[in-house]
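Chemist: Next up is a structure, given as structure tokens.
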Amino acid sequence: MPIIDVHAYIGAPPESLRQGTLREVQQVLGACRINAAVLASGRAGTGDFRRGNEQLQSAIDGRVNVYGLVAINPSYPEESSEEVRRRLSHPQFRGLKLARETAGPRIDSEGLKTVLNASRRYGRPVLVETADADDVRGVVALAQEFHTLRFVLLGMGGPHWETAIRACEPVLNTCLEIGSLEADCDKVADALAAVGARRLVFGSHFPRLHPLYVLGMVKDAAIEDRDRDRLLWRNAAELFELELVNAPLAATREEAGA
Amino acid sequence: MVDAHTLFGFWPSRRADLSAEALVRTLRQHGIDRALTLSTHGIFADYAGGNDETLELCGRSNGLLEPVGTVDPRRYPHVLREIKTRADQGVRAWRLFPELQDWAWDSRPVDGILRALKDAGAVLLLDASRPGDPTRVAARTSELALPTVLLGVSGRLMGELLAVLNEARHILVETRRLADPEVVVALARQFGADRLVFGTASPLQYVSSARLPLETAPLSDEERALILGGTISRLLEGS
């Protein structure tokens with residue numbers, strides 16, 4: 001069964017023992033049998049998003065089975081809109097990413113709405129880190145306003161995952177990404193029962209977390225194998241329009257013989 | 001394999017099956033040989049009644065379950081008698097719940113409780129998942145050198161954890177939320193695998209999230225055996 005990781009990082013947080021390089025991502029995710037990954041810039045999440053996006057693009061350019069997320073910062077709406085325009089013209093960038101650290105007091109800010117208005121035309125998924133119930137409600141409000149876009153709640157609201165499940169159930173352009181420190185049993189099965197098998201995706205948040213920690217949730221969840229299949233790769237492939245290449249994650253095109 | 005952290009009973013803050021049957025089923029499914037456990041009745045309602053339930057279940061578990069006692073400082077000084085009574089009944093592991101019972105770790109009743117636990121030869125388990133918790137717990141227990149297992153600590157507190165483990169030899173860490181095998185290995189190499197304890201918070205949390213990083217970490221067989229049960233067994237036998 002393939003696995004697509006919809007959220008890992010280039011760049012490690014300050015407390016991490018990891019380096020956060022593409023090579024490390026390749027080694028660690030590869031060891032966990034993850035076939036493809038959608039990557040965000042760790043630097044962009046907490047600092048200069050333009051430099052972070054540039055570094056990410058340089059890292060993944062010309063490599064197979066790795067894709068990028070354009071980091072945006074609602075405090076810089078015009079600059080973020082320009083980043084979206086610029087990066088989404090690159091074939092490997094497949095979505096937008098809003099980090100909690102730079103989102104401001106409210107997820108559904110006017111700055112973010114400006115960026116989303118400029119991004120509608122691209123039709124790419126919007127991934128938002130959700131750490132609590134307020135974040136969840138903010139994303140759901142945005143999803144209801146920008147109903148042609150698909151929103152992915154990274155971390156599924158953290159400890160407030162029950163709120164995330166209930167809030168997202170009727171809002172069909174939302175997806176739940178299961179990766180967080182909250183390994184509550186059985187949040188995966190509960191989410192599946194509420195939002196259905198097509199609106200769940202797997203993200204490792206490596207190196208902030210580790211793929212094995214999140215894969216452990218999928219392993220133990222009381223769900224059918226066909227739903228596990230959807231969660232681990234099929235939904236992500238459809239959401240981001242990915243085609244897996246039969247080659248190691250982040251191999252160069254030459255190595256992949258593509 | 002010994003799981004140092006399980007629960008049974010009713011969980012009020014979300015829907016979860018923490019029945020004794022669910023606990024035993026989960027332990028058997030994952031090949032866990034023994035588990036420390038306590039009744040949630042002791043957390044949320046009545047510590048003495050909860051300790052009765054814990055001892056009753058452990059007594060008929062054919063060695064699968066070992067009791068963890070609990071008290072609530074809000075009933076100080078009655079709790080001191082409870083600690084002695086249960087220690088006389090063989091309870092060696094104890095857990096306190098400031099994060100669920102809304103009392104302060106630095107409050108005066110805690111002095112007497114920690115002294116009573118030390119006199120009883122106890123091992124203390126305690127949630128320390130928030131920034132600053134490991135430091136506060138280590139400081140509070142250092143004078144008595146009470147063996148204390150920090151539960152729920154994540155790699156996000158790595159810097160604090162390294163400082164605390166370096167200074168406080170009586171502190172151990174549950175591996176459940178460390179998440180990354182490299183973090184487990186780094187701690188084992190720097191401080192010894194006998195400072196790490198396997199726990200799952202089952203059946204409230206997924207066992208495999210706690211277990212997979214340990215199983216794949218490049219540890220020696222001896223190190224892995226210590227973490228997966230040797231350490232906690234030695235502590236309980238030696239206390």
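Order determines the names: the first chain of the structure tokens is A, the second B, and so forth; residues in each chain are numbered 1 upward, and ligands are numbered 1 upward as they are shown.
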Chain B residues within 7 Å of chain A, counting only C-alpha atoms: which ones, as a list in words?
Modeler: Arg156, Met158, Gly159, Arg177, Ala179, Asp180, Pro203, Leu204, Gln205, Tyr206, Ser208, Ser209, Ala210, Leu212 and Pro213 of chain B
Chemist: Could those residues be written to a file, using C-alpha atoms, as a PDB file, in the first residue's frame?
Modeler:
```pdb
ATOM      1  CA  ARG B 156       9.254  19.937  22.110  1.00  0.00           C
ATOM      2  CA  MET B 158      13.927  18.682  24.684  1.00  0.00           C
ATOM      3  CA  GLY B 159      16.095  21.452  26.050  1.00  0.00           C
ATOM      4  CA  ARG B 177       5.139  11.194  23.368  1.00  0.00           C
ATOM      5  CA  ALA B 179       7.616  10.273  19.050  1.00  0.00           C
ATOM      6  CA  ASP B 180      11.019  10.219  17.319  1.00  0.00           C
ATOM      7  CA  PRO B 203      -6.758   2.425  26.276  1.00  0.00           C
ATOM      8  CA  LEU B 204      -7.129   6.202  26.124  1.00  0.00           C
ATOM      9  CA  GLN B 205      -4.387   6.444  23.482  1.00  0.00           C
ATOM     10  CA  TYR B 206      -3.091   4.314  20.625  1.00  0.00           C
ATOM     11  CA  SER B 208       1.325   1.656  18.413  1.00  0.00           C
ATOM     12  CA  SER B 209       2.091   5.383  18.456  1.00  0.00           C
ATOM     13  CA  ALA B 210       4.023   4.765  21.665  1.00  0.00           C
ATOM     14  CA  LEU B 212       6.616   1.807  16.932  1.00  0.00           C
ATOM     15  CA  PRO B 213       9.307   4.460  17.597  1.00  0.00           C
TER      16      PRO B 213
END
```
Chemist: Tell me, as a ChimeraX atom specification, which residues lie within 12 Å of region 22-33 of chain B, counting only C-alpha atoms; anything in the same chain fewer than 3 positions away does not count.
Modeler: /A:185,219-220 /B:1-10,16-19,36-39,57-58,60-66,198-212,228-229,233
Chemist: I'd like the interatomic distance between CA of Ala93 (chain B) and CA of Pro131 (chain B), to a tenth of an Å.
Modeler: 24.6 Å
Chemist: For each of A:Val139, A:Val188, A:Leu249, A:Ile223, take the minimum atom-to-atom distance to Leu154 (chain A), counting only C-alpha atoms, then give the residue where this is smallest.
Modeler: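 Residue with the minimum atom-to-atom distance to Leu154 (chain A): A:Val139.
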Chemist: Report as a ChimeraX atom specification all protein, DNA and RNA residues lying within 9 Å of region 133-136 of chain B, evaluated on only C-alpha atoms, omitting residues in the same chain fewer than 4 positions from it.
Modeler: /B:105-106,127-129,140-141,150,153,157,160-161,163-164,171
Chemist: In Å to one decimal, how far is CA of Ser58 (chain A) from CA of Pro77 (chain A)?
Modeler: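 Answer for the CA of Pro77 (chain A) to CA of Ser58 (chain A) separation: 23.4 Å.
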Chemist: One number please: CA of Glu56 (chain B) to CA of Thr85 (chain B), in Å, one decimal.
Modeler: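 Computing it gives 14.9 Å between the two atoms.
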Chemist: Give the strand (DSSP E or B) residues of region 39-88 of chain B, as DSSP finds them on the backbone, and put them as a PyMOL selection string.
Modeler: chain B and resi 39+65-70
